[in-house]
Amino acid sequence: MDYMNVLARLGDKIERQGCELGVAFPRYAEFWCRFVVPNRDPGDSSKLRPGLPEFFEDLCNNHYSVFYHLTVAYRQIPEIENGIVDVADPLYHLASAVDLVERTFVIAYQEHKRLNNETLDIGLSEDDFRQRAEKYWGKKYSKALRKFKLDYKPVNIPLHSVGSVFDQVVRGEKQGFRDIKELIRRYRNIFTHKAPPLKFGWDNQTNIPKLEHLKKYETARWSSIRPEADKEEFEPAEDLIRRFADDLVEKANIIWEELLSVVDEIVQSDVYRQEVVSLRVDQEMPVPMNVEDFVTWQHPGESPGSGEIYDFARAGTASGIILDEPSHPNVEQNSRNITTSSDKEHPPTGDKPPHPSAYHDWNIQSDSDPADEDEQLDEGRRDL
């Protein structure tokens with residue numbers, strides 16, 4: 001099945017626009033088809049059906065938020081030259097997508113371990129904490145303090161982060177993803193938290209330093225470096241950031257195969273099935289299904305053939321999917337709110353899709369040592 005084609009036709013406005021903009025993320029679309037579509041509330045496709053565990057709601061929210069930030073970044077990249085979108089804006093959204101990729105995996109693995117009577121290896125004893133603090137004092141504090149005095153970079157002792165747990169639990173090859181995430185975060189932090197002379201307008205384009213020359217311009221003052229800036233050490237910001245975005249999507253798609261496998265194991269677990277059944281009310285299917293099973297359940301005898309796409313629009317609202325009229329949406333329109341049909345307070349909505357912080361109250365930290373790399377995340381969320 002061509003999952004991206006299904007998402008491009010039947011996803012919400014953000015997802016359809018992401019497909020139009022070139023967010024080529026087929027394993028995101030596969031997850032959406034297999035685990036999200038069959039579990040929508042039949043009465044409101046913006047919600048998950050009743051009886052699903054909170055873990056599954058959190059997983060779907062974070063999974064969707066990855067695609068949301070990618071879509072916004074792809075939308076903003078061509079707008080860098082218009083004077084309103086800054087170089088930092090798409091970098092911020094790409095970095096947020098990175099954070100949410102890690103968080104999505106950690107949520108899945110935490111549930112996977114719980115079902116197998118295991119726990120994530122997180123936490124320090126008092127002795128471990130003291131040893132780490134003493135090591136930081138002896139080897140890194142003085143360097144971190146110098147950086148704070150130079151450009152007010154926060155001094156933190158790295159203890160726990162989503163990124164470190166991600167590295168701990170993900171079993172497959174993740175070096176490619178790690179490389180692009182560190183690169184994105186480095187550029188994001190420089191353009192978000194500093195004010196060096198990193199942007200030059202040449203040939204009617206905004207140009208920023210290439211990676212191999214970034215350090216030279218990172219701490220330089222405008223008055224001293226401008227006369228010496230070498231065009232060969234820069235490239236158009238749009239080209240560089242688009243390359244980052246394409247590489248991030250490619251690397252995320254690779255590791256998403258592992259996420260699909262882990263969630264498959266979760267929903268096939270006898271413990272999970274029993275728990276979901278115990279929570280359900282007047283529901284016929286106890287666990288998430290794939291698209292073919294969903295179609296057969298809702299419409300017996302109408303399962304798509306190999307390589308075919310089931311026409312959910314023809315099935316209408318009986319399939320549990322409510323479709324908007326065909327349109328060409330943009331990111332200023334409301335985002336989907338994925339919640340279970342419970343008495344929980346709904347997240348806020350407005351003229352713009354809310355950032356994931358509207359759905360969750362979390363603290364995302366980088367696992368890199370702030371004394372060595374600029375990995376301090378934004379303290380607030382940017383508006384579009």
# chains A, B, ... in the order shown; residues from 1 in each chain; ligands from 1
>>> residues_around(residues="A:Leu21", least_positions_apart="3", cutoff="9 Å", atoms="only C-alpha atoms", output="list in words")
Arg16, Gln17, Gly18, Ala24, Thr71, Tyr74 and Arg75 of chain A
>>> write_last_selection(atoms="N, CA and C atoms", output="compact mmCIF listing (two decimals), in the first residue's frame")
# COMPACT_ATOMS: atom_id res chain seq x y z
N ARG A 16 -1.73 16.91 5.01
CA ARG A 16 -1.85 17.03 3.56
C ARG A 16 -0.88 18.10 3.02
N GLN A 17 -0.75 19.20 3.77
CA GLN A 17 0.19 20.21 3.31
C GLN A 17 1.63 19.71 3.38
N GLY A 18 1.94 18.96 4.43
CA GLY A 18 3.28 18.40 4.52
C GLY A 18 3.61 17.54 3.32
N ALA A 24 8.71 13.73 2.73
CA ALA A 24 8.63 12.33 2.28
C ALA A 24 8.96 11.41 3.45
N THR A 71 6.44 19.93 8.86
CA THR A 71 5.64 20.66 7.88
C THR A 71 5.85 22.17 7.99
N TYR A 74 9.27 23.09 6.57
CA TYR A 74 9.27 23.07 5.11
C TYR A 74 8.50 24.26 4.55
N ARG A 75 7.47 24.68 5.24
CA ARG A 75 6.70 25.85 4.81
C ARG A 75 7.53 27.13 4.94
>>> select_by_dssp(residues="stretch 143-295 of chain A", states="helix (DSSP H, G or I)", output="MDAnalysis selection string")
chainID A and resid 143:151 162:169 175:193 211:218 222:228 231:233 237:268 270:279 291:295
>>> select_by_dssp(residues="stretch 49-279 of chain A", states="strand (DSSP E or B)", output="ChimeraX atom specification")
/A:200-202,205-209,234-236
>>> residues_around(residues="stretch 192-206 of chain A", least_positions_apart="4", cutoff="6 Å", atoms="only C-alpha atoms", output="list in words")
Ala88, Arg188, Trp222, Pro236 and Ala237 of chain A
>>> closest_residue(among="A:Val169, A:Glu228, A:Glu258, A:Ser164", to="A:Lys216", atoms="only C-alpha atoms")
A:Glu228
>>> closest_residue(among="A:Leu145, A:Ile157, A:Met1, A:Leu259", to="A:Glu102", atoms="only C-alpha atoms")
A:Leu259
>>> atom_distance(atom1="atom CA of A:Asn62", atom2="atom CA of A:Asn5")
21.9 Å
>>> residues_around(residues="stretch 231-234 of chain A", least_positions_apart="6", cutoff="8 Å", atoms="only C-alpha atoms", output="MDAnalysis selection string")
chainID A and resid 207:210 213
>>> write_last_selection(atoms="N, CA and C atoms", output="PDB file, in the first residue's frame")
ATOM      1  N   ASN A 207      22.757  34.447   3.205  1.00  0.00           N
ATOM      2  CA  ASN A 207      23.789  33.417   3.238  1.00  0.00           C
ATOM      3  C   ASN A 207      24.282  33.200   4.659  1.00  0.00           C
ATOM      4  N   ILE A 208      24.530  31.940   5.015  1.00  0.00           N
ATOM      5  CA  ILE A 208      25.027  31.598   6.344  1.00  0.00           C
ATOM      6  C   ILE A 208      26.246  30.690   6.193  1.00  0.00           C
ATOM      7  N   PRO A 209      27.072  30.598   7.238  1.00  0.00           N
ATOM      8  CA  PRO A 209      28.319  29.831   7.107  1.00  0.00           C
ATOM      9  C   PRO A 209      28.088  28.340   6.878  1.00  0.00           C
ATOM     10  N   LYS A 210      28.930  27.756   6.064  1.00  0.00           N
ATOM     11  CA  LYS A 210      28.955  26.304   5.920  1.00  0.00           C
ATOM     12  C   LYS A 210      29.479  25.705   7.220  1.00  0.00           C
ATOM     13  N   HIS A 213      33.069  26.077   8.384  1.00  0.00           N
ATOM     14  CA  HIS A 213      33.525  27.443   8.700  1.00  0.00           C
ATOM     15  C   HIS A 213      32.685  28.086   9.805  1.00  0.00           C
TER      16      HIS A 213
END
>>> atom_distance(atom1="atom CA of A:Leu159", atom2="atom CA of A:Leu211")
28.5 Å
>>> closest_residue(among="A:Arg185, A:Lys140, A:Lys251, A:Arg132", to="A:Ser96", atoms="only C-alpha atoms")
A:Arg185
>>> decode(residues="stretch 95-143 of chain A", atoms="N, CA and C atoms", output="compact mmCIF listing (two decimals), in the first residue's frame")
# COMPACT_ATOMS: atom_id res chain seq x y z
N ALA A 95 14.56 21.42 15.00
CA ALA A 95 15.08 20.96 16.29
C ALA A 95 13.95 20.42 17.17
N SER A 96 12.79 21.05 17.10
CA SER A 96 11.64 20.54 17.87
C SER A 96 11.21 19.17 17.36
N ALA A 97 11.27 18.97 16.05
CA ALA A 97 10.97 17.65 15.48
C ALA A 97 11.95 16.62 16.01
N VAL A 98 13.22 16.99 16.11
CA VAL A 98 14.23 16.09 16.66
C VAL A 98 13.87 15.70 18.09
N ASP A 99 13.54 16.69 18.92
CA ASP A 99 13.18 16.42 20.31
C ASP A 99 12.01 15.45 20.39
N LEU A 100 11.03 15.65 19.53
CA LEU A 100 9.82 14.83 19.57
C LEU A 100 10.03 13.43 19.00
N VAL A 101 10.96 13.30 18.06
CA VAL A 101 11.33 11.95 17.60
C VAL A 101 11.84 11.15 18.80
N GLU A 102 12.76 11.73 19.54
CA GLU A 102 13.33 11.03 20.70
C GLU A 102 12.23 10.71 21.72
N ARG A 103 11.37 11.68 21.97
CA ARG A 103 10.32 11.47 22.97
C ARG A 103 9.34 10.38 22.54
N THR A 104 9.00 10.32 21.25
CA THR A 104 8.08 9.30 20.75
C THR A 104 8.65 7.91 20.98
N PHE A 105 9.93 7.73 20.70
CA PHE A 105 10.56 6.43 20.92
C PHE A 105 10.58 6.06 22.39
N VAL A 106 10.89 7.03 23.25
CA VAL A 106 10.97 6.75 24.69
C VAL A 106 9.60 6.34 25.23
N ILE A 107 8.55 7.01 24.79
CA ILE A 107 7.19 6.65 25.22
C ILE A 107 6.87 5.21 24.83
N ALA A 108 7.20 4.84 23.59
CA ALA A 108 6.92 3.49 23.11
C ALA A 108 7.72 2.45 23.89
N TYR A 109 9.00 2.71 24.09
CA TYR A 109 9.84 1.74 24.78
C TYR A 109 9.50 1.63 26.26
N GLN A 110 9.08 2.72 26.85
CA GLN A 110 8.68 2.66 28.26
C GLN A 110 7.49 1.73 28.44
N GLU A 111 6.52 1.82 27.54
CA GLU A 111 5.36 0.93 27.60
C GLU A 111 5.77 -0.50 27.28
N HIS A 112 6.64 -0.66 26.31
CA HIS A 112 7.10 -2.00 25.93
C HIS A 112 7.77 -2.69 27.11
N LYS A 113 8.59 -1.97 27.83
CA LYS A 113 9.27 -2.55 28.99
C LYS A 113 8.28 -2.83 30.12
N ARG A 114 7.31 -1.96 30.30
CA ARG A 114 6.32 -2.20 31.36
C ARG A 114 5.57 -3.49 31.11
N LEU A 115 5.18 -3.73 29.86
CA LEU A 115 4.44 -4.95 29.53
C LEU A 115 5.29 -6.20 29.72
N ASN A 116 6.61 -6.02 29.72
CA ASN A 116 7.51 -7.15 29.92
C ASN A 116 8.12 -7.16 31.32
N ASN A 117 7.44 -6.44 32.23
CA ASN A 117 7.88 -6.37 33.63
C ASN A 117 9.32 -5.87 33.75
N GLU A 118 9.67 -4.91 32.91
CA GLU A 118 10.98 -4.29 32.97
C GLU A 118 10.80 -2.79 33.18
N THR A 119 11.86 -2.12 33.54
CA THR A 119 11.82 -0.67 33.69
C THR A 119 13.02 -0.05 32.98
N LEU A 120 12.88 1.20 32.58
CA LEU A 120 14.00 1.91 32.01
C LEU A 120 15.04 2.18 33.09
N ASP A 121 16.29 2.06 32.71
CA ASP A 121 17.38 2.28 33.66
C ASP A 121 17.64 3.78 33.79
N ILE A 122 16.84 4.41 34.63
CA ILE A 122 16.94 5.86 34.83
C ILE A 122 17.04 6.13 36.32
N GLY A 123 17.92 7.03 36.70
CA GLY A 123 18.03 7.42 38.10
C GLY A 123 19.44 7.24 38.63
N LEU A 124 19.77 8.01 39.64
CA LEU A 124 21.09 7.96 40.26
C LEU A 124 20.94 7.77 41.77
N SER A 125 21.86 7.03 42.34
CA SER A 125 21.93 6.98 43.79
C SER A 125 22.60 8.26 44.29
N GLU A 126 22.53 8.49 45.58
CA GLU A 126 23.17 9.69 46.13
C GLU A 126 24.67 9.68 45.88
N ASP A 127 25.27 8.49 46.00
CA ASP A 127 26.71 8.38 45.74
C ASP A 127 27.03 8.67 44.28
N ASP A 128 26.22 8.13 43.37
CA ASP A 128 26.44 8.39 41.95
C ASP A 128 26.31 9.88 41.64
N PHE A 129 25.31 10.51 42.24
CA PHE A 129 25.10 11.94 42.01
C PHE A 129 26.32 12.74 42.49
N ARG A 130 26.82 12.43 43.68
CA ARG A 130 27.96 13.15 44.22
C ARG A 130 29.19 12.95 43.34
N GLN A 131 29.39 11.72 42.84
CA GLN A 131 30.54 11.45 41.99
C GLN A 131 30.45 12.24 40.68
N ARG A 132 29.25 12.30 40.13
CA ARG A 132 29.09 13.05 38.88
C ARG A 132 29.30 14.54 39.11
N ALA A 133 28.79 15.05 40.22
CA ALA A 133 28.97 16.47 40.53
C ALA A 133 30.45 16.80 40.76
N GLU A 134 31.15 15.92 41.45
CA GLU A 134 32.58 16.15 41.70
C GLU A 134 33.36 16.10 40.40
N LYS A 135 33.01 15.19 39.53
CA LYS A 135 33.70 15.08 38.24
C LYS A 135 33.46 16.33 37.41
N TYR A 136 32.22 16.82 37.44
CA TYR A 136 31.90 18.04 36.69
C TYR A 136 32.68 19.22 37.24
N TRP A 137 32.76 19.31 38.55
CA TRP A 137 33.51 20.42 39.17
C TRP A 137 34.98 20.37 38.78
N GLY A 138 35.55 19.19 38.75
CA GLY A 138 36.97 19.07 38.49
C GLY A 138 37.34 19.25 37.03
N LYS A 139 36.46 18.85 36.10
CA LYS A 139 36.84 18.83 34.69
C LYS A 139 36.12 19.85 33.81
N LYS A 140 34.93 20.27 34.21
CA LYS A 140 34.13 21.05 33.26
C LYS A 140 33.59 22.37 33.79
N TYR A 141 33.54 22.52 35.10
CA TYR A 141 32.89 23.72 35.63
C TYR A 141 33.61 24.99 35.21
N SER A 142 34.92 25.01 35.30
CA SER A 142 35.66 26.24 34.98
C SER A 142 35.46 26.64 33.53
N LYS A 143 35.42 25.65 32.63
CA LYS A 143 35.18 25.95 31.21
C LYS A 143 33.77 26.47 31.00
